[in-house]
$ cat work_34.cif   # mmCIF, C-alpha atoms
data_work
loop_
_atom_site.label_atom_id
_atom_site.label_comp_id
_atom_site.auth_asym_id
_atom_site.auth_seq_id
_atom_site.Cartn_x
_atom_site.Cartn_y
_atom_site.Cartn_z
CA MET A 1472 10.27 11.71 13.55
CA LYS A 1473 7.25 13.74 14.51
CA TYR A 1474 5.52 15.65 11.77
CA THR A 1475 4.31 19.24 11.95
CA ILE A 1476 0.85 20.33 10.85
CA ASP A 1477 2.41 21.97 7.77
CA GLN A 1478 4.06 18.69 6.78
CA LEU A 1479 0.79 16.80 7.29
CA ARG A 1480 -1.04 19.47 5.31
CA GLY A 1481 1.45 18.98 2.47
CA LEU A 1482 0.85 15.23 2.42
CA ALA A 1483 -2.93 15.63 2.58
CA ARG A 1484 -2.94 18.13 -0.26
CA ALA A 1485 -0.60 16.05 -2.40
CA THR A 1486 -2.89 13.08 -1.82
CA ALA A 1487 -5.94 15.11 -2.82
CA GLU A 1488 -4.18 16.26 -6.01
CA THR A 1489 -2.96 12.78 -6.96
CA ARG A 1490 -3.96 11.63 -10.45
CA PRO A 1491 -3.50 8.22 -12.05
CA ASP A 1492 -1.65 9.62 -15.06
CA GLU A 1493 0.92 11.95 -13.52
CA ILE A 1494 4.22 12.78 -15.18
CA ASP A 1495 7.44 12.13 -13.25
CA CYS A 1496 10.18 14.65 -12.44
CA ASP A 1497 12.25 13.93 -15.56
CA GLU A 1498 9.30 14.40 -17.90
CA TRP A 1499 8.36 17.52 -15.94
CA LEU A 1500 11.83 18.95 -16.59
CA ALA A 1501 11.48 18.21 -20.30
CA ARG A 1502 8.23 20.18 -20.46
CA VAL A 1503 8.67 23.02 -17.98
CA ALA A 1504 10.33 25.50 -20.36
CA ALA A 1505 7.40 25.24 -22.76
CA TYR A 1506 5.02 25.51 -19.80
CA ILE A 1507 6.56 28.71 -18.48
CA GLU A 1508 6.39 30.31 -21.93
CA ALA A 1509 2.81 29.12 -22.44
CA ARG A 1510 1.88 30.71 -19.12
CA SER A 1511 3.49 33.99 -20.02
CA ASP A 1512 1.36 34.00 -23.21
CA GLU A 1513 -1.71 33.66 -20.96
CA ALA A 1514 -3.05 31.12 -23.44
CA PRO A 1515 -5.21 28.23 -22.17
CA LEU A 1516 -3.05 25.27 -21.14
CA ASP A 1517 -3.22 22.14 -23.26
CA PRO A 1518 -3.20 18.73 -21.46
CA GLU A 1519 0.60 18.41 -21.73
CA MET A 1520 1.07 21.74 -20.00
CA ALA A 1521 -1.71 21.06 -17.47
CA ALA A 1522 0.26 17.96 -16.42
CA VAL A 1523 3.23 20.22 -15.64
CA GLU A 1524 1.02 22.33 -13.40
CA GLN A 1525 -0.45 19.26 -11.70
CA HIS A 1526 3.03 17.88 -10.98
CA VAL A 1527 4.09 20.86 -8.88
CA LYS A 1528 1.05 20.32 -6.66
CA VAL A 1529 2.44 16.95 -5.60
CA CYS A 1530 6.21 17.51 -5.85
CA PRO A 1531 7.75 20.22 -3.63
CA ASP A 1532 11.21 19.82 -5.20
CA CYS A 1533 9.94 20.58 -8.71
CA ARG A 1534 7.79 23.35 -7.30
CA ALA A 1535 10.96 25.00 -5.94
CA GLU A 1536 12.58 24.57 -9.37
CA LEU A 1537 9.60 26.23 -11.05
CA GLU A 1538 9.82 29.19 -8.67
CA ALA A 1539 13.54 29.50 -9.41
CA LEU A 1540 12.92 29.30 -13.17
CA MET A 1541 10.33 32.05 -12.90
CA ARG A 1542 12.86 34.27 -11.13
CA ALA A 1543 15.52 33.46 -13.73
CA THR A 1544 13.32 34.26 -16.70
CA GLU A 1545 11.55 37.32 -15.31
CA GLU A 1546 11.88 40.30 -17.56
CA GLY A 1547 13.53 43.43 -16.29
CA MET B 1071 37.19 29.71 -25.88
CA ALA B 1072 36.84 31.99 -28.87
CA MET B 1073 35.47 35.39 -28.05
CA GLY B 1074 32.98 36.65 -30.62
CA SER B 1075 29.94 38.85 -30.31
CA PHE B 1076 27.48 37.45 -27.78
CA ASP B 1077 24.45 35.93 -29.46
CA ALA B 1078 21.91 34.66 -26.93
CA ASN B 1079 19.12 35.17 -29.46
CA ARG B 1080 20.04 32.39 -31.82
CA GLU B 1081 17.07 30.42 -33.06
CA PRO B 1082 16.67 27.17 -31.11
CA GLU B 1083 18.01 25.17 -34.05
CA GLY B 1084 20.97 27.54 -34.20
CA TRP B 1085 21.93 26.77 -30.62
CA VAL B 1086 21.75 23.02 -31.17
CA ALA B 1087 23.69 23.24 -34.44
CA ASP B 1088 26.38 25.52 -33.06
CA LEU B 1089 26.86 23.53 -29.85
CA SER B 1090 27.11 20.36 -31.95
CA ALA B 1091 29.67 21.92 -34.29
CA SER B 1092 33.40 22.05 -33.81
CA GLY B 1093 36.09 24.69 -33.77
CA ALA B 1094 35.37 28.39 -33.43
CA ILE B 1095 31.60 28.05 -33.93
CA ALA B 1096 31.28 25.62 -31.03
CA ASP B 1097 33.65 27.65 -28.88
CA ALA B 1098 31.54 30.78 -29.38
CA ALA B 1099 28.32 28.89 -28.69
CA PHE B 1100 29.72 27.38 -25.49
CA ALA B 1101 30.90 30.80 -24.34
CA ASP B 1102 27.45 32.26 -25.01
CA LEU B 1103 25.73 29.35 -23.26
CA THR B 1104 27.99 29.83 -20.24
CA THR B 1105 26.97 33.48 -20.10
CA VAL B 1106 23.26 32.61 -20.36
CA ILE B 1107 23.47 29.98 -17.62
CA SER B 1108 25.55 32.17 -15.35
CA ARG B 1109 23.03 35.04 -15.60
CA GLY B 1110 20.07 32.69 -15.22
CA LEU B 1111 21.46 30.93 -12.16
CA ARG B 1112 22.40 34.20 -10.48
CA ARG B 1113 18.77 35.31 -10.71
CA ALA B 1114 17.37 31.90 -9.83
CA LEU B 1115 19.55 31.48 -6.75
CA ALA B 1116 19.47 35.09 -5.52
CA GLY B 1117 19.12 35.25 -1.75
CA ARG B 1118 20.21 31.64 -1.15
CA GLY B 1119 23.73 32.56 -0.06
CA VAL B 1120 25.40 30.54 -2.82
CA SER B 1121 29.14 31.24 -3.06
CA GLU B 1122 30.86 32.33 -6.27
CA ALA B 1123 32.84 29.07 -6.28
CA ASP B 1124 29.65 27.00 -6.05
CA LEU B 1125 27.97 29.10 -8.70
CA GLU B 1126 30.91 28.57 -11.04
CA ASP B 1127 30.79 24.81 -10.41
CA PHE B 1128 27.03 24.72 -11.08
CA VAL B 1129 27.50 26.66 -14.33
CA GLN B 1130 30.26 24.35 -15.59
CA GLU B 1131 28.35 21.19 -14.70
CA SER B 1132 25.19 22.60 -16.27
CA VAL B 1133 26.91 23.37 -19.57
CA VAL B 1134 28.20 19.80 -19.75
CA ARG B 1135 24.77 18.39 -18.86
CA ILE B 1136 23.00 20.57 -21.44
CA HIS B 1137 25.44 19.47 -24.13
CA GLN B 1138 24.78 15.82 -23.22
CA LYS B 1139 21.04 16.38 -23.49
CA LEU B 1140 21.01 18.37 -26.74
CA ASP B 1141 19.23 15.60 -28.64
CA THR B 1142 16.36 15.70 -26.12
CA PHE B 1143 15.57 19.37 -26.79
CA ARG B 1144 12.10 19.33 -28.34
CA GLY B 1145 12.15 22.82 -29.81
CA ASP B 1146 8.85 23.75 -28.14
CA SER B 1147 10.39 26.61 -26.14
CA LYS B 1148 13.28 29.01 -26.33
CA PHE B 1149 16.52 27.06 -26.10
CA THR B 1150 17.74 29.34 -23.33
CA THR B 1151 14.66 28.72 -21.13
CA TRP B 1152 15.14 24.96 -21.56
CA ALA B 1153 18.84 25.25 -20.74
CA ILE B 1154 18.24 27.38 -17.63
CA ALA B 1155 15.66 24.85 -16.41
CA ILE B 1156 18.31 22.13 -16.63
CA SER B 1157 20.86 24.29 -14.83
CA ILE B 1158 18.37 24.94 -12.01
CA ARG B 1159 17.85 21.18 -11.65
CA VAL B 1160 21.65 20.76 -11.43
CA ALA B 1161 22.10 23.53 -8.84
CA LEU B 1162 19.11 22.75 -6.62
CA THR B 1163 19.96 19.04 -6.64
CA HIS B 1164 23.39 19.89 -5.21
CA LEU B 1165 21.96 22.30 -2.64
CA ARG B 1166 19.22 19.89 -1.55
CA LYS B 1167 21.63 16.99 -1.17
CA ARG B 1168 24.13 19.10 0.71
CA ARG B 1169 21.52 20.15 3.27
CA TRP B 1170 20.70 16.49 3.96
CA ASN B 1171 24.23 15.15 3.58
CA ASP B 1172 24.55 13.88 7.12
CA VAL B 1173 21.01 12.59 7.57
CA SER B 1174 20.36 8.92 6.92
CA LEU B 1175 17.06 7.16 6.41
CA GLU B 1176 18.07 5.04 9.36
CA ALA B 1177 18.25 8.13 11.58
CA LEU B 1178 14.84 9.29 10.37
CA SER B 1179 13.45 5.84 11.11
CA ARG B 1180 14.29 6.02 14.80
CA GLY B 1181 11.18 6.09 16.99
CA ASN B 1182 9.07 4.67 14.16
CA GLY B 1183 9.40 7.95 12.27
CA LEU B 1184 9.22 6.23 8.91
CA ALA B 1185 6.52 3.76 9.93
CA GLU B 1186 3.69 5.95 11.08
CA LEU B 1187 2.32 9.49 11.03
CA GLN B 1188 3.45 10.75 14.42
CA THR B 1189 2.42 14.33 15.15
CA ASP B 1190 4.43 16.94 16.96
CA GLU B 1191 2.86 18.81 19.88
CA SER B 1192 1.32 21.67 17.90
CA ALA B 1193 0.00 19.32 15.23
CA ALA B 1194 -1.50 17.07 17.90
CA ILE B 1195 -3.46 20.04 19.28
CA GLN B 1196 -4.89 20.87 15.85
CA VAL B 1197 -5.72 17.23 15.20
CA GLU B 1198 -7.59 17.07 18.50
CA ARG B 1199 -9.54 20.25 17.78
CA ASN B 1200 -10.43 19.54 14.16
CA GLN B 1201 -12.52 16.44 13.60
CA GLU B 1202 -12.07 16.48 9.83
CA ILE B 1203 -8.28 16.60 10.08
CA SER B 1204 -8.41 13.87 12.68
CA ARG B 1205 -10.60 11.68 10.45
CA VAL B 1206 -8.37 12.13 7.39
CA LEU B 1207 -5.20 11.40 9.36
CA ARG B 1208 -6.72 8.27 10.94
CA VAL B 1209 -7.45 6.86 7.49
CA MET B 1210 -4.02 7.82 6.20
CA GLN B 1211 -2.37 6.27 9.23
CA ARG B 1212 -4.15 2.96 8.60
CA VAL B 1213 -3.11 2.93 4.95
CA ILE B 1214 0.50 3.73 5.79
CA GLN B 1215 0.71 0.98 8.38
CA ASN B 1216 -1.34 -1.71 6.63
CA ASP B 1217 -1.53 -1.16 2.88
CA LEU B 1218 1.80 0.23 1.71
CA THR B 1219 4.90 -1.76 0.90
CA GLU B 1220 7.98 -1.08 2.99
CA ARG B 1221 9.54 0.88 0.13
CA GLN B 1222 6.41 2.97 -0.43
CA ARG B 1223 6.15 3.73 3.29
CA VAL B 1224 9.78 4.78 3.67
CA VAL B 1225 9.79 6.90 0.52
CA LEU B 1226 6.52 8.64 1.37
CA LEU B 1227 7.47 9.47 4.95
CA ALA B 1228 11.06 10.45 4.16
CA LYS B 1229 9.72 12.92 1.58
CA LEU B 1230 7.19 14.11 4.15
CA ALA B 1231 10.08 14.76 6.53
CA GLY B 1232 11.57 16.99 3.83
CA MET B 1233 14.36 14.73 2.62
CA PRO B 1234 15.01 15.52 -1.06
CA LYS B 1235 14.24 12.90 -3.67
CA GLU B 1236 17.89 12.66 -4.72
CA SER B 1237 19.04 11.75 -1.19
CA ILE B 1238 16.31 9.15 -0.80
CA ALA B 1239 17.08 7.65 -4.20
CA ASP B 1240 20.80 7.49 -3.42
CA GLN B 1241 20.27 5.80 -0.05
CA LEU B 1242 17.79 3.27 -1.38
CA GLY B 1243 19.67 2.67 -4.63
CA LEU B 1244 16.68 3.70 -6.73
CA THR B 1245 16.45 5.53 -10.04
CA SER B 1246 14.51 8.78 -9.94
CA ASN B 1247 11.72 7.12 -11.95
CA ALA B 1248 11.46 4.21 -9.49
CA LEU B 1249 11.39 6.66 -6.60
CA TYR B 1250 8.63 8.69 -8.21
CA LYS B 1251 6.61 5.54 -8.92
CA ALA B 1252 6.86 4.41 -5.29
CA THR B 1253 5.66 7.83 -4.07
CA HIS B 1254 2.90 7.96 -6.66
CA ASP B 1255 1.70 4.46 -5.80
CA ALA B 1256 1.65 5.39 -2.10
CA ARG B 1257 -0.38 8.54 -2.75
CA LYS B 1258 -2.79 6.61 -4.99
CA ALA B 1259 -3.32 4.06 -2.19
CA LEU B 1260 -3.98 6.87 0.29
CA LYS B 1261 -6.44 8.59 -2.01
CA LYS B 1262 -8.26 5.36 -2.90
CA ARG B 1263 -8.82 4.51 0.76
CA LEU B 1264 -9.96 8.05 1.60
CA ILE B 1265 -12.56 7.86 -1.16
CA GLU B 1266 -13.67 4.42 0.05
CA GLU B 1267 -14.15 5.97 3.49
CA GLY B 1268 -16.34 8.68 1.96
CA ILE B 1269 -13.76 11.49 2.04
CA ASP B 1270 -13.35 13.14 -1.36
CA GLU B 1271 -10.49 15.40 -2.43
CA GLU B 1272 -12.47 18.59 -1.85
CA GLU B 1273 -13.09 17.61 1.78
CA VAL B 1274 -9.38 16.95 2.22
CA ARG B 1275 -8.51 20.36 0.77
CA GLU B 1276 -11.03 22.08 3.03
CA ALA B 1277 -9.94 20.21 6.15
CA PHE B 1278 -6.33 21.23 5.63
CA MET B 1279 -6.97 24.71 4.30
CA ASP B 1280 -4.62 27.32 5.68
CA ALA B 1281 -4.98 30.93 4.67
CA SER B 1282 -1.31 31.60 5.41
CA SER B 1283 -0.01 28.93 3.07
CA THR B 1284 1.24 29.70 -0.43
CA SER B 1285 -0.93 29.11 -3.49
CA GLU B 1286 -0.89 25.70 -5.12
CA VAL B 1287 0.93 26.79 -8.26
CA PRO B 1288 3.54 29.57 -8.15
CA THR B 1289 2.60 32.74 -9.96
CA ARG B 1290 4.76 35.58 -11.13
#

$ encode --input "work_34.cif" --output "structure tokens"
Amino acid sequence: MKYTIDQLRGLARATAETRPDEIDCDEWLARVAAYIEARSDEAPLDPEMAAVEQHVKVCPDCRAELEALMRATEEG
Amino acid sequence: MAMGSFDANREPEGWVADLSASGAIADAAFADLTTVISRGLRRALAGRGVSEADLEDFVQESVVRIHQKLDTFRGDSKFTTWAIAISIRVALTHLRKRRWNDVSLEALSRGNGLAELQTDESAAIQVERNQEISRVLRVMQRVIQNDLTERQRVVLLAKLAGMPKESIADQLGLTSNALYKATHDARKALKKRLIEEGIDEEEVREAFMDASSTSEVPTR
């Protein structure tokens, strides 16, 4: 397996964004609905919601789910 | 299922109560939930070429999963947003696993692919031209080869190859939490060593900056 520059970029960025107290994918799923509504309110994010945002910086699968949820809940 | 007037705007507690009830109330709530999930998934999966049969399967499985998880609903969002999020996890898990159905970790391991950070031709050119990228990758390579456990190394590099977490977990016999912990521990080891080598996270971001890439967090 030889990695592309985009793949290496993804690993480097995920490493840079790594935090000691991250939430895992199951906890992310439990919080993401509240996160997406908090974002649509444009209110400042509390630490629980900030952890949801941090998670998608290190997890491409959950990032794809967030993008899909945004499409599903878009108004109009 | 009983056909009543569609009521997707129940209060969150109303959804939980109705889906936990029996008889006509539950039937109506399940019918409404099916409608909500079907609409939500159609929008979420638009453009992915998902067949009607698959969509129907995803909807049915989602409704069952949501019912099983009713007692975990925290009430801090609309019930329908929470339910659609679960249905998206169900659908994308199937689609991710299907794409990687015939790929084994063993196949990815051939040629040391899950033991070290080998670069393809175009990446090698960029690494050669950019000293900062080269420096970061050298440190990461050392950590991957010397500091990680076998499980951490395989999980990290399989994810880097694009293999979905569900496929890796299945093949290694891990729970999703154990898989996440292995990846997280690997990334923490990488970051710790980078900092010890005098490379902070901002330098890593700058070294790997790419104007064409998408933003860090999706926006509407």

$ atom_distance --input "work_34.cif" --atom1 "CA of Ala1098 (chain B)" --atom2 "CA of Leu1540 (chain A)"
24.7 Å

$ resolve_selection --input "work_34.cif" --expression "the PyMOL selection byres ((chain A) within 7 of (chain B))" --output "number ranges by chain"
A: 1472-1476, 1478, 1480, 1482-1484, 1486-1487, 1489, 1495, 1504-1505, 1508, 1524, 1527-1528, 1536, 1538-1543

$ write_last_selection --input "work_34.cif" --atoms "C-alpha atoms" --output "CSV table (one decimal), in the frame of the given file"
chain,number,residue,atom,x,y,z
A,1472,MET,CA,10.3,11.7,13.6
A,1473,LYS,CA,7.2,13.7,14.5
A,1474,TYR,CA,5.5,15.6,11.8
A,1475,THR,CA,4.3,19.2,12.0
A,1476,ILE,CA,0.8,20.3,10.8
A,1478,GLN,CA,4.1,18.7,6.8
A,1480,ARG,CA,-1.0,19.5,5.3
A,1482,LEU,CA,0.8,15.2,2.4
A,1483,ALA,CA,-2.9,15.6,2.6
A,1484,ARG,CA,-2.9,18.1,-0.3
A,1486,THR,CA,-2.9,13.1,-1.8
A,1487,ALA,CA,-5.9,15.1,-2.8
A,1489,THR,CA,-3.0,12.8,-7.0
A,1495,ASP,CA,7.4,12.1,-13.2
A,1504,ALA,CA,10.3,25.5,-20.4
A,1505,ALA,CA,7.4,25.2,-22.8
A,1508,GLU,CA,6.4,30.3,-21.9
A,1524,GLU,CA,1.0,22.3,-13.4
A,1527,VAL,CA,4.1,20.9,-8.9
A,1528,LYS,CA,1.0,20.3,-6.7
A,1536,GLU,CA,12.6,24.6,-9.4
A,1538,GLU,CA,9.8,29.2,-8.7
A,1539,ALA,CA,13.5,29.5,-9.4
A,1540,LEU,CA,12.9,29.3,-13.2
A,1541,MET,CA,10.3,32.0,-12.9
A,1542,ARG,CA,12.9,34.3,-11.1
A,1543,ALA,CA,15.5,33.5,-13.7

$ resolve_selection --input "work_34.cif" --expression "the PyMOL selection byres ((chain B and resi 1133) around 10)" --output "list in words"
Phe1100, Ala1101, Leu1103, Thr1104, Val1106, Ile1107, Ser1108, Phe1128, Val1129, Gln1130, Glu1131, Ser1132, Val1134, Arg1135, Ile1136, His1137, Gln1138, Lys1139, Ala1153, Ile1154, Ile1156 and Ser1157 of chain B

$ closest_residue --input "work_34.cif" --among "A:Asp1512, A:Asp1492, A:Asp1532, A:Glu1519" --to "Lys1167 (chain B)" --atoms "all atoms listed in the file"
A:Asp1532

$ residues_around --input "work_34.cif" --residues "Gln1241 (chain B)" --least-positions-apart "4" --cutoff "9 Å" --atoms "all atoms listed in the file" --output "PyMOL selection string"
chain B and resi 1174-1175+1236-1237

$ resolve_selection --input "work_34.cif" --expression "the PyMOL selection byres ((chain B and resi 1081-1088) around 8)" --output "VMD selection string"
chain B and resid 1079 to 1080 1089 to 1092 1095 to 1096 1099 1140 1145 1148 to 1149

$ atom_distance --input "work_34.cif" --atom1 "CA of Arg1223 (chain B)" --atom2 "CA of Leu1244 (chain B)"
14.5 Å

$ atom_distance --input "work_34.cif" --atom1 "CA of Leu1516 (chain A)" --atom2 "CA of Glu1545 (chain A)"
19.8 Å

$ axis_aligned_box --input "work_34.cif" --around "region 1251-1260 of chain B" --padding-each-side "8 Å" --output "JSON"
{"center_x": 1.4, "center_y": 6.3, "center_z": -4.3, "size_x": 26.8, "size_y": 20.5, "size_z": 25.2}

$ decode --input "work_34.cif" --residues "region 1215-1241 of chain B" --atoms "N, CA, C and O atoms" --output "PDB file, in the first residue's frame"
ATOM      1  N   GLN B1215       6.792   2.785  13.174  1.00  0.00           N
ATOM      2  CA  GLN B1215       7.601   1.559  13.163  1.00  0.00           C
ATOM      3  C   GLN B1215       8.082   1.142  14.544  1.00  0.00           C
ATOM      4  O   GLN B1215       8.230  -0.045  14.824  1.00  0.00           O
ATOM      5  N   ASN B1216       8.344   2.124  15.422  1.00  0.00           N
ATOM      6  CA  ASN B1216       9.009   1.788  16.691  1.00  0.00           C
ATOM      7  C   ASN B1216       8.139   1.901  17.932  1.00  0.00           C
ATOM      8  O   ASN B1216       8.391   1.212  18.923  1.00  0.00           O
ATOM      9  N   ASP B1217       7.160   2.788  17.919  1.00  0.00           N
ATOM     10  CA  ASP B1217       6.458   3.103  19.172  1.00  0.00           C
ATOM     11  C   ASP B1217       5.052   2.524  19.268  1.00  0.00           C
ATOM     12  O   ASP B1217       4.520   2.400  20.367  1.00  0.00           O
ATOM     13  N   LEU B1218       4.434   2.214  18.141  1.00  0.00           N
ATOM     14  CA  LEU B1218       3.045   1.748  18.201  1.00  0.00           C
ATOM     15  C   LEU B1218       2.982   0.239  18.423  1.00  0.00           C
ATOM     16  O   LEU B1218       3.881  -0.498  18.026  1.00  0.00           O
ATOM     17  N   THR B1219       1.891  -0.196  19.032  1.00  0.00           N
ATOM     18  CA  THR B1219       1.644  -1.637  19.107  1.00  0.00           C
ATOM     19  C   THR B1219       1.211  -2.119  17.725  1.00  0.00           C
ATOM     20  O   THR B1219       0.825  -1.311  16.860  1.00  0.00           O
ATOM     21  N   GLU B1220       1.231  -3.416  17.543  1.00  0.00           N
ATOM     22  CA  GLU B1220       0.818  -3.974  16.245  1.00  0.00           C
ATOM     23  C   GLU B1220      -0.629  -3.558  15.923  1.00  0.00           C
ATOM     24  O   GLU B1220      -0.934  -3.160  14.798  1.00  0.00           O
ATOM     25  N   ARG B1221      -1.489  -3.631  16.946  1.00  0.00           N
ATOM     26  CA  ARG B1221      -2.895  -3.273  16.702  1.00  0.00           C
ATOM     27  C   ARG B1221      -3.013  -1.803  16.315  1.00  0.00           C
ATOM     28  O   ARG B1221      -3.721  -1.452  15.377  1.00  0.00           O
ATOM     29  N   GLN B1222      -2.327  -0.940  17.051  1.00  0.00           N
ATOM     30  CA  GLN B1222      -2.405   0.495  16.749  1.00  0.00           C
ATOM     31  C   GLN B1222      -1.908   0.778  15.333  1.00  0.00           C
ATOM     32  O   GLN B1222      -2.508   1.566  14.599  1.00  0.00           O
ATOM     33  N   ARG B1223      -0.823   0.115  14.949  1.00  0.00           N
ATOM     34  CA  ARG B1223      -0.236   0.345  13.626  1.00  0.00           C
ATOM     35  C   ARG B1223      -1.209  -0.088  12.519  1.00  0.00           C
ATOM     36  O   ARG B1223      -1.461   0.649  11.566  1.00  0.00           O
ATOM     37  N   VAL B1224      -1.761  -1.274  12.665  1.00  0.00           N
ATOM     38  CA  VAL B1224      -2.665  -1.798  11.638  1.00  0.00           C
ATOM     39  C   VAL B1224      -3.921  -0.926  11.524  1.00  0.00           C
ATOM     40  O   VAL B1224      -4.354  -0.560  10.424  1.00  0.00           O
ATOM     41  N   VAL B1225      -4.487  -0.576  12.661  1.00  0.00           N
ATOM     42  CA  VAL B1225      -5.714   0.225  12.658  1.00  0.00           C
ATOM     43  C   VAL B1225      -5.454   1.600  12.040  1.00  0.00           C
ATOM     44  O   VAL B1225      -6.214   2.073  11.182  1.00  0.00           O
ATOM     45  N   LEU B1226      -4.379   2.230  12.456  1.00  0.00           N
ATOM     46  CA  LEU B1226      -4.059   3.570  11.940  1.00  0.00           C
ATOM     47  C   LEU B1226      -3.854   3.546  10.427  1.00  0.00           C
ATOM     48  O   LEU B1226      -4.405   4.380   9.695  1.00  0.00           O
ATOM     49  N   LEU B1227      -3.073   2.598   9.943  1.00  0.00           N
ATOM     50  CA  LEU B1227      -2.739   2.587   8.518  1.00  0.00           C
ATOM     51  C   LEU B1227      -3.877   2.043   7.656  1.00  0.00           C
ATOM     52  O   LEU B1227      -4.030   2.457   6.513  1.00  0.00           O
ATOM     53  N   ALA B1228      -4.689   1.160   8.210  1.00  0.00           N
ATOM     54  CA  ALA B1228      -5.862   0.702   7.450  1.00  0.00           C
ATOM     55  C   ALA B1228      -6.849   1.859   7.292  1.00  0.00           C
ATOM     56  O   ALA B1228      -7.444   2.052   6.221  1.00  0.00           O
ATOM     57  N   LYS B1229      -7.031   2.647   8.347  1.00  0.00           N
ATOM     58  CA  LYS B1229      -7.910   3.821   8.231  1.00  0.00           C
ATOM     59  C   LYS B1229      -7.323   4.821   7.256  1.00  0.00           C
ATOM     60  O   LYS B1229      -8.035   5.451   6.479  1.00  0.00           O
ATOM     61  N   LEU B1230      -6.003   4.970   7.299  1.00  0.00           N
ATOM     62  CA  LEU B1230      -5.339   5.883   6.363  1.00  0.00           C
ATOM     63  C   LEU B1230      -5.574   5.437   4.920  1.00  0.00           C
ATOM     64  O   LEU B1230      -5.760   6.264   4.025  1.00  0.00           O
ATOM     65  N   ALA B1231      -5.602   4.140   4.711  1.00  0.00           N
ATOM     66  CA  ALA B1231      -5.854   3.610   3.360  1.00  0.00           C
ATOM     67  C   ALA B1231      -7.295   3.850   2.934  1.00  0.00           C
ATOM     68  O   ALA B1231      -7.630   3.690   1.762  1.00  0.00           O
ATOM     69  N   GLY B1232      -8.157   4.208   3.885  1.00  0.00           N
ATOM     70  CA  GLY B1232      -9.550   4.494   3.553  1.00  0.00           C
ATOM     71  C   GLY B1232     -10.516   3.411   3.974  1.00  0.00           C
ATOM     72  O   GLY B1232     -11.728   3.524   3.768  1.00  0.00           O
ATOM     73  N   MET B1233      -9.998   2.340   4.569  1.00  0.00           N
ATOM     74  CA  MET B1233     -10.894   1.263   5.002  1.00  0.00           C
ATOM     75  C   MET B1233     -11.806   1.790   6.116  1.00  0.00           C
ATOM     76  O   MET B1233     -11.326   2.430   7.052  1.00  0.00           O
ATOM     77  N   PRO B1234     -13.110   1.550   6.017  1.00  0.00           N
ATOM     78  CA  PRO B1234     -14.016   2.082   7.033  1.00  0.00           C
ATOM     79  C   PRO B1234     -13.841   1.378   8.375  1.00  0.00           C
ATOM     80  O   PRO B1234     -13.443   0.216   8.431  1.00  0.00           O
ATOM     81  N   LYS B1235     -14.179   2.117   9.421  1.00  0.00           N
ATOM     82  CA  LYS B1235     -13.959   1.594  10.778  1.00  0.00           C
ATOM     83  C   LYS B1235     -14.712   0.280  10.999  1.00  0.00           C
ATOM     84  O   LYS B1235     -14.206  -0.616  11.683  1.00  0.00           O
ATOM     85  N   GLU B1236     -15.909   0.162  10.399  1.00  0.00           N
ATOM     86  CA  GLU B1236     -16.693  -1.046  10.631  1.00  0.00           C
ATOM     87  C   GLU B1236     -16.003  -2.279  10.054  1.00  0.00           C
ATOM     88  O   GLU B1236     -16.036  -3.357  10.655  1.00  0.00           O
ATOM     89  N   SER B1237     -15.370  -2.123   8.871  1.00  0.00           N
ATOM     90  CA  SER B1237     -14.684  -3.259   8.246  1.00  0.00           C
ATOM     91  C   SER B1237     -13.452  -3.649   9.056  1.00  0.00           C
ATOM     92  O   SER B1237     -13.162  -4.837   9.229  1.00  0.00           O
ATOM     93  N   ILE B1238     -12.730  -2.647   9.541  1.00  0.00           N
ATOM     94  CA  ILE B1238     -11.535  -2.940  10.349  1.00  0.00           C
ATOM     95  C   ILE B1238     -11.953  -3.647  11.635  1.00  0.00           C
ATOM     96  O   ILE B1238     -11.362  -4.658  12.036  1.00  0.00           O
ATOM     97  N   ALA B1239     -12.988  -3.113  12.275  1.00  0.00           N
ATOM     98  CA  ALA B1239     -13.449  -3.705  13.540  1.00  0.00           C
ATOM     99  C   ALA B1239     -13.890  -5.151  13.328  1.00  0.00           C
ATOM    100  O   ALA B1239     -13.544  -6.038  14.119  1.00  0.00           O
ATOM    101  N   ASP B1240     -14.623  -5.388  12.251  1.00  0.00           N
ATOM    102  CA  ASP B1240     -15.085  -6.755  11.967  1.00  0.00           C
ATOM    103  C   ASP B1240     -13.902  -7.696  11.788  1.00  0.00           C
ATOM    104  O   ASP B1240     -13.872  -8.794  12.339  1.00  0.00           O
ATOM    105  N   GLN B1241     -12.923  -7.268  10.996  1.00  0.00           N
ATOM    106  CA  GLN B1241     -11.802  -8.163  10.672  1.00  0.00           C
ATOM    107  C   GLN B1241     -10.884  -8.399  11.862  1.00  0.00           C
ATOM    108  O   GLN B1241     -10.256  -9.447  11.970  1.00  0.00           O
TER     109      GLN B1241
END
